[in-house]
Each structure stands twice: as C-alpha cells, then as structure tokens.
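Student: Take a look at this one; I'll ask things after.
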Amino acid sequence: MEPGASKLASSSPSPSIQTPKNPVIDRSTSKNRDFLIHLEAYLAKRDGVDKLLKISRYATKIILASSLLPETLPLTRRLKSFESSVGISRKAFRLGKFVQDVNALRNSRFDTQEELVLSVIAYGFEGLYYFVEQFVWLVKSGLVDGKHSRNLQKISAWAEFVGYVGSIGLKIRDLKRIAEDEACLRTSIEIAITRGDWYGEEEAKILKLREKKFMKKLSVVQDLADGLMALADIRDGKGRLSAPVLISSAGLLSAMISTHKNWISC
C-alpha cells in the first residue's frame with residue numbers, strides 16, 4: 001500500500017482522487033443519523049416490530065426453560081402467558097407476507113439450473129410457510145377449529161425447514177462469488193502496486209465486499225438457527241437438538257441477527 005500512498009501525497013488533488021472518498025463519507029453520515037429518527041424508520045417496518053417481539057419471546061423462553069424461577073411463583077405463570085401471547089401476535093405479522101416470496105421468485109434472474117432449483121426451494125417453500133402460518137394464526141386466535149392445528153403446524157414446519165435448506169444453498173453460492181470478486185480485486189491491487197498506480201477505488205470495493213460477506217455469513221448463521229427450530233417442531237421437541245434451552249437460544253440468536261440487519265438497512 002505504500003507506493004500508492006506516496007503517490008497520493010506527492011500529487012495534487014484531482015476529481016479521480018476525490019471520488020472514492022465519497023462512499024466513506026456517506027457511510028459515516030448514515031451511521032451518525034439521529035437515533036430517534038432511525039428508530040422511527042425501524043419500527044415502521046413490519047419485520048422491525050416482529051423481530052423485537054421475537055427477542056422478547058425467546059428471552060422469556062430461555063428464562064422459563066432454564067428453571068431459574070420456581071413453577072409455583074406467580075411471575076412464572078405471567079411469563080408463560082406473555083410468551084404465548086407474543087407468539088400469537090407474531091403470527092399476525094405474517095399476514096400476506098408470502099407475497100414477498102412470490103415477487104422475489106418472479107424478479108430473480110437465474111444464471112444456472114442449480115440456482116433456479118435453489119431459488120424455487122428457498123422462495124417457494126418459504127412462501128408456503130408464510131401462507132400456512134396465516135391459517136395457524138386463525139386457529140390460535142380461535143376463528144378456525146383447533147382440530148386442524150396439528151396438521152397445519154406440521155406443514156408449516158416442513159415448509160420452513162426445506163425453505164431454509166434452499167436459502168442456505170443460495171447464500172453459500174453468493175459467498176463463493178464474493179470470494180471470487182475479492183480475489184480479482186486483490187490481483188488488481190497487486191498489479192497496481194507493481195506499476196506504481198493508484199488503487200484507492202479497488203480498496204473501497206474490497207471494503208464493501210467484506211461488509212457484504214460479513215452480513216451474508218450472519219444470514220447463514222440465522223438460517224441455521226431458524227432451521228434448527230423448524231427441525232425441533234417437525235420432531236415435536238424430541239431429541240437432543242430439541243432441548244428447550246438450546247432452541248430458545250437459537251431463536252434469540254436469530255432474532256438478534258435479524259434485528260441488526262434490519263437496523264442497518266433502514
């Protein structure tokens with residue numbers, strides 16, 4: 001990096017030198033925006049409120065599952081009631097949410113047959129999950145006969161699990177592409193250093209790719225955590241991977257990752 005730095009120091013400012021600084025300035029400006037305005041924008045999003053509810057629900061479930069409070073304590077009964085109510089409330093936020101998966105599938109561009117299959121699995125089954133969840137909410141709220149509850153929840157859990165398999169597959173492909181782009185940029189920087197050319201633009205692009213790669217890895221972790229919860233629902237809470245504390249912790253981790261992604265995107 002030294003040859004490029006000395007070159008900048010010895011030359012007068014030019015439009016080409018000033019241009020790559022703009023993304024850095026814009027990024028710092030967005031980070032320093034007023035907190036309450038940012039919070040208002042966050043809470044205006046359906047997913048923003050939903051994930052805050054998810055955090056409160058799974059934090060409560062961890063407290064209940066860890067047996068920190070005696071069963072006879074009135075607070076324990078209130079926490080169980082709160083957790084159940086929040087769970088039903090979250091399902092209401094999924095009304096019509098399947099439409100976003102339909103549109104995502106319609107607007108996707110497929111470069112390979114594998115990408116087509118993974119996209120259909122990811123968006124198709126996630127859309128089915130959200131569609132079925134609407135009826136699960138109607139059952140939980142008492143409008144639909146409870147005899148359909150078990151079958152609807154099984155369909156919902158399977159659709160969610162398969163959807164996460166496709167989603168993880170797509171994100172792994174994205175990570176490979178990001179790694180390839182990063183390798184190309186590093187090669188360009190090495191060539192620029194050898195020639196004594198300026199490479200600030202390539203460095204800015206690498207920083208953006210690193211941020212993108214980090215967020216993509218977080219998304220994979222989130223999908224794994226949500227997939228673990230879906231698997232526990234499929235198995236009716238049986239098995240070592242369905243321990244209440246483990247599942248509740250996975251839910252809390254997923255909610256916090258999603259909250260972080262929603263926060264920086266609004």
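Every chain in the structure tokens has a letter given in the order shown (A, B, ...), and although residue numbers restart at 1 in each chain, ligands are simply numbered from 1 in the order shown.
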So which residues touch Tyr130 (chain A) within 12 Å, counting only C-alpha atoms, skipping near sequence neighbours fewer than 5 positions away, as a list in words?
Tutor: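 In the requested form, the answer reads Arg90, Lys91, Ala92, Phe93, Arg94, Leu95, Gly96, Lys97, Phe98, Val99, Gln100, Asp101, Val102, Tyr123, Gly124, Phe125, Phe135, Val136, Trp137, Leu152, Gln153, Ile155, Ser156, Ala157, Trp158, Ala159, Glu160 and Gly163 of chain A.
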Student: Residues as selected, N, CA, C and O atoms, written as a compact mmCIF listing (two decimals), in the first residue's frame, can you do that?
Tutor:
# COMPACT_ATOMS: atom_id res chain seq x y z
N ARG A 90 -47.01 -12.50 16.91
CA ARG A 90 -46.04 -12.55 15.82
C ARG A 90 -46.64 -13.19 14.57
O ARG A 90 -46.29 -12.80 13.45
N LYS A 91 -47.52 -14.15 14.75
CA LYS A 91 -48.14 -14.80 13.60
C LYS A 91 -49.01 -13.82 12.81
O LYS A 91 -49.15 -13.93 11.60
N ALA A 92 -49.59 -12.84 13.51
CA ALA A 92 -50.42 -11.84 12.83
C ALA A 92 -49.57 -10.99 11.88
O ALA A 92 -50.07 -10.51 10.86
N PHE A 93 -48.29 -10.82 12.21
CA PHE A 93 -47.40 -10.02 11.36
C PHE A 93 -47.06 -10.75 10.06
O PHE A 93 -46.45 -10.16 9.17
N ARG A 94 -47.44 -12.02 9.93
CA ARG A 94 -47.13 -12.78 8.73
C ARG A 94 -48.26 -12.77 7.71
O ARG A 94 -48.17 -13.41 6.68
N LEU A 95 -49.33 -12.03 8.02
CA LEU A 95 -50.44 -11.94 7.09
C LEU A 95 -49.97 -11.31 5.78
O LEU A 95 -49.45 -10.19 5.76
N GLY A 96 -50.14 -12.04 4.70
CA GLY A 96 -49.76 -11.54 3.38
C GLY A 96 -48.27 -11.52 3.10
O GLY A 96 -47.85 -11.08 2.02
N LYS A 97 -47.47 -12.01 4.04
CA LYS A 97 -46.02 -11.93 3.86
C LYS A 97 -45.53 -12.88 2.76
O LYS A 97 -44.43 -12.68 2.22
N PHE A 98 -46.34 -13.88 2.42
CA PHE A 98 -45.94 -14.82 1.37
C PHE A 98 -45.80 -14.13 0.02
O PHE A 98 -45.10 -14.62 -0.88
N VAL A 99 -46.45 -12.97 -0.14
CA VAL A 99 -46.40 -12.25 -1.41
C VAL A 99 -44.97 -11.81 -1.73
O VAL A 99 -44.56 -11.79 -2.89
N GLN A 100 -44.19 -11.47 -0.70
CA GLN A 100 -42.82 -11.03 -0.94
C GLN A 100 -41.98 -12.16 -1.54
O GLN A 100 -41.07 -11.91 -2.35
N ASP A 101 -42.27 -13.40 -1.16
CA ASP A 101 -41.55 -14.54 -1.73
C ASP A 101 -41.98 -14.80 -3.17
O ASP A 101 -41.15 -15.16 -4.02
N VAL A 102 -43.26 -14.61 -3.45
CA VAL A 102 -43.75 -14.74 -4.83
C VAL A 102 -43.05 -13.72 -5.72
O VAL A 102 -42.57 -14.05 -6.82
N TYR A 123 -37.52 -19.69 -2.01
CA TYR A 123 -38.65 -18.76 -2.03
C TYR A 123 -40.00 -19.48 -2.06
O TYR A 123 -40.96 -19.03 -1.44
N GLY A 124 -40.03 -20.61 -2.78
CA GLY A 124 -41.29 -21.35 -2.88
C GLY A 124 -41.75 -21.89 -1.54
O GLY A 124 -42.90 -21.69 -1.13
N PHE A 125 -40.85 -22.57 -0.84
CA PHE A 125 -41.23 -23.18 0.43
C PHE A 125 -41.37 -22.15 1.55
O PHE A 125 -42.20 -22.33 2.44
N PHE A 135 -53.15 -19.44 8.48
CA PHE A 135 -54.20 -20.31 8.99
C PHE A 135 -53.88 -20.81 10.40
O PHE A 135 -54.79 -21.02 11.21
N VAL A 136 -52.59 -20.97 10.69
CA VAL A 136 -52.18 -21.33 12.05
C VAL A 136 -52.60 -20.22 13.01
O VAL A 136 -53.10 -20.48 14.11
N TRP A 137 -52.42 -18.98 12.59
CA TRP A 137 -52.82 -17.84 13.41
C TRP A 137 -54.33 -17.83 13.62
O TRP A 137 -54.81 -17.57 14.73
N LEU A 152 -51.68 -28.37 10.27
CA LEU A 152 -51.20 -27.09 9.74
C LEU A 152 -49.80 -26.78 10.26
O LEU A 152 -48.93 -26.31 9.50
N GLN A 153 -49.55 -27.07 11.53
CA GLN A 153 -48.24 -26.79 12.11
C GLN A 153 -47.17 -27.70 11.52
O GLN A 153 -46.02 -27.28 11.35
N ILE A 155 -47.22 -28.99 8.40
CA ILE A 155 -46.97 -28.48 7.05
C ILE A 155 -46.11 -27.24 7.12
O ILE A 155 -45.14 -27.07 6.35
N SER A 156 -46.44 -26.36 8.06
CA SER A 156 -45.69 -25.12 8.24
C SER A 156 -44.23 -25.40 8.59
O SER A 156 -43.31 -24.79 8.01
N ALA A 157 -44.00 -26.32 9.52
CA ALA A 157 -42.63 -26.62 9.96
C ALA A 157 -41.80 -27.23 8.83
O ALA A 157 -40.63 -26.86 8.64
N TRP A 158 -42.39 -28.16 8.07
CA TRP A 158 -41.67 -28.78 6.96
C TRP A 158 -41.35 -27.77 5.87
O TRP A 158 -40.24 -27.75 5.33
N ALA A 159 -42.32 -26.91 5.55
CA ALA A 159 -42.10 -25.89 4.53
C ALA A 159 -40.99 -24.93 4.95
O ALA A 159 -40.12 -24.55 4.15
N GLU A 160 -41.01 -24.55 6.23
CA GLU A 160 -39.99 -23.64 6.75
C GLU A 160 -38.61 -24.29 6.68
O GLU A 160 -37.63 -23.66 6.24
N GLY A 163 -37.37 -24.63 3.11
CA GLY A 163 -37.05 -23.29 2.63
C GLY A 163 -35.68 -22.83 3.10
O GLY A 163 -34.92 -22.21 2.34
Student: Skipping near chain neighbours, those fewer than 2 positions away, what residues fall within 9 Å of region 252-255 of chain A using only C-alpha atoms, listed as a ChimeraX atom specification?
Tutor: /A:51-59,62,219,221-226,247-250,257-260
Student: Rank A:Ile234, A:Val120, A:Lys213, A:Arg78 by their smallest atom-to-atom distance to Asp174 (chain A), using only C-alpha atoms, and report the top residue only.
Tutor: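 Going through A:Ile234, A:Val120, A:Lys213, A:Arg78 one by one, the smallest distance to Asp174 (chain A) is for A:Lys213.
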Student: Restricting the calculation to only C-alpha atoms: of A:Lys205, A:Leu68, A:Lys80, A:Tyr164, which residue gets closest to Met229 (chain A)?
Tutor: A:Tyr164
Student: Compare A:Ile264, A:Thr194, A:Thr112, A:Lys140 by their minimum atom-to-atom distance to Ser84 (chain A), counting only C-alpha atoms, and give me the closest one.
Tutor: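 That would be A:Lys140, the residue with the smallest distance to Ser84 (chain A).
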Student: Which one is closest to Asn103 (chain A): A:Ile88, A:Asp181, A:Arg173, A:Gly127? Count only C-alpha atoms.
Tutor: A:Gly127
